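Read the structure below first, then the notes.
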Amino acid sequence: MLLAIDTSTAWISLALYDGNFIHYEVTWQTKNHHTVELAPAIDALFQKTGMKSNDLTGLAVALGPGSFTSLRIGLAAAKGFALGLNIPMAGVSSLDIVAAAQPLDEKPMIVVLHAGRSLLAYATYQVKDGAWRSVSEPSVIDPKVLVKSIKEPTLICGELSGLDRTIIGRRWKNAVISSPANCLRRAGFLAELGWEKLMNDQADDPVSLGPIYLSTTNNPIPA
């Protein structure tokens with residue numbers, strides 16, 4: 001049984017997955033209360049499913065980009081389980097989680113998450129080998145600049161505020177914005193991606209694994 005933990009932004013999501021079935025999934029918006037809310041939510045997950053921590057055989061954790069503090073909280077929890085139970089863990093890009101939820105399409109896709117200061121973290125994706133694959137490194141951008149970069153019909157999905165949707169929607173001929181439901185970052189997809197990594201012997205070292213941070217100068221910051 002794999003536990004998936006995503007605390008990348010103000011949205012937190014948890015899931016339990018056994019390779020065939022999502023036994024439990026919950027997603028909610030927190031008001032910067034990640035530390036207070038995460039542990040009780042994990043306890044509730046075990047209570048409602050009848051599972052115990054000793055039933056876990058793997059961990060999947062969202063690596064960001066996202067909030068410095070919230071990412072650290074989720075990663076610390078995942079590392080605690082992995083090291084305490086001596087089970088493998090897999091880190092997954094938070095942008096990849098959003099991308100995995102989108103229907104396949106011939107058009108390119110831009111996935112975004114809030115990066116603070118009215119900026120968006122983003123990466124571009126295309127369908128390759130039957131799945132969405134990132135074709136650019138994650139970076140940060142102003143929504144108004146992002147709009148100007150859209151020169152062809154392009155799918156847009158992820159954490160978009162009402163203002164973001166208005167700004168990007170001005171390129172309505174080319175910007176195809178996903179519905180709010182499709183834009184929700186769900187740990188069920190994180191669980192599937194993490195499970196795939198573990199099944200392919202791509203586990204990460206829980207000691208050295210770090211989150212993905214992005215600077216406002218569009219350069220990744222080493223963890």
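Identifiers in the structure tokens: chain A, B, ... in order shown; residue index from 1 per chain; ligand index from 1 in order shown.
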Every residue of stretch 32-141 of chain A that DSSP places in alpha helix (DSSP H), as a PyMOL selection string: chain A and resi 34-49+68-85+94-100
Residue contacts of A:Ala15 (8 Å, only C-alpha atoms) excluding same-chain residues fewer than 5 positions away, as a VMD selection string: chain A and resid 3 to 5 22 to 26 187 to 188 191
Grab the atom CA of A:Leu2 to atom CA of A:Leu16 distance for me, in Å with one decimal place. 5.6 Å
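Residues within 7 Å of stretch 72-89 of chain A, counting only C-alpha atoms and excluding same-chain residues fewer than 3 positions away, are Ile5, Asp6, Thr7, Thr35, Thr57, Gly58, Leu59, Ala60, Val61, Phe68, Thr69, Ala203, Asp204 and Pro206 of chain A.
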Using only C-alpha atoms, determine which residues lie at most 6 Å from stretch 133-143 of chain A, disregarding the query and same-chain residues fewer than 6 positions distant; provide the list as a list in words.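 Skipping anything fewer than 6 positions along the chain leaves Leu119, Leu120, Ala121, Tyr122, Ala123, Thr124, Tyr125, Gln126, Val127 and Asn218 of chain A.
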Same residues, N, CA and C atoms, output as a compact mmCIF listing (two decimals), in the first residue's frame:
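Result saved to result-v1.txt:
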# COMPACT_ATOMS: atom_id res chain seq x y z
N LEU A 119 2.86 35.65 -9.36
CA LEU A 119 3.54 34.92 -10.42
C LEU A 119 3.06 33.47 -10.46
N LEU A 120 3.32 32.83 -11.59
CA LEU A 120 2.95 31.43 -11.78
C LEU A 120 4.20 30.60 -12.05
N ALA A 121 4.28 29.44 -11.40
CA ALA A 121 5.27 28.44 -11.79
C ALA A 121 4.65 27.65 -12.93
N TYR A 122 5.44 27.32 -13.94
CA TYR A 122 4.85 26.66 -15.10
C TYR A 122 5.86 25.78 -15.82
N ALA A 123 5.34 24.87 -16.64
CA ALA A 123 6.15 24.07 -17.56
C ALA A 123 5.25 23.70 -18.73
N THR A 124 5.86 23.43 -19.87
CA THR A 124 5.12 23.05 -21.08
C THR A 124 5.18 21.54 -21.26
N TYR A 125 4.06 20.97 -21.69
CA TYR A 125 3.93 19.52 -21.87
C TYR A 125 3.43 19.18 -23.27
N GLN A 126 3.80 18.00 -23.73
CA GLN A 126 3.26 17.43 -24.95
C GLN A 126 3.03 15.94 -24.71
N VAL A 127 2.13 15.37 -25.49
CA VAL A 127 1.85 13.94 -25.36
C VAL A 127 2.93 13.14 -26.09
N ASN A 218 13.43 33.09 -12.63
CA ASN A 218 13.19 31.96 -13.54
C ASN A 218 14.26 30.89 -13.47
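With only C-alpha atoms as the basis for measurement, A:Cys183 is the residue among A:Leu190, A:Ala115, A:Leu209, A:Cys183 that approaches A:Cys157 most closely.
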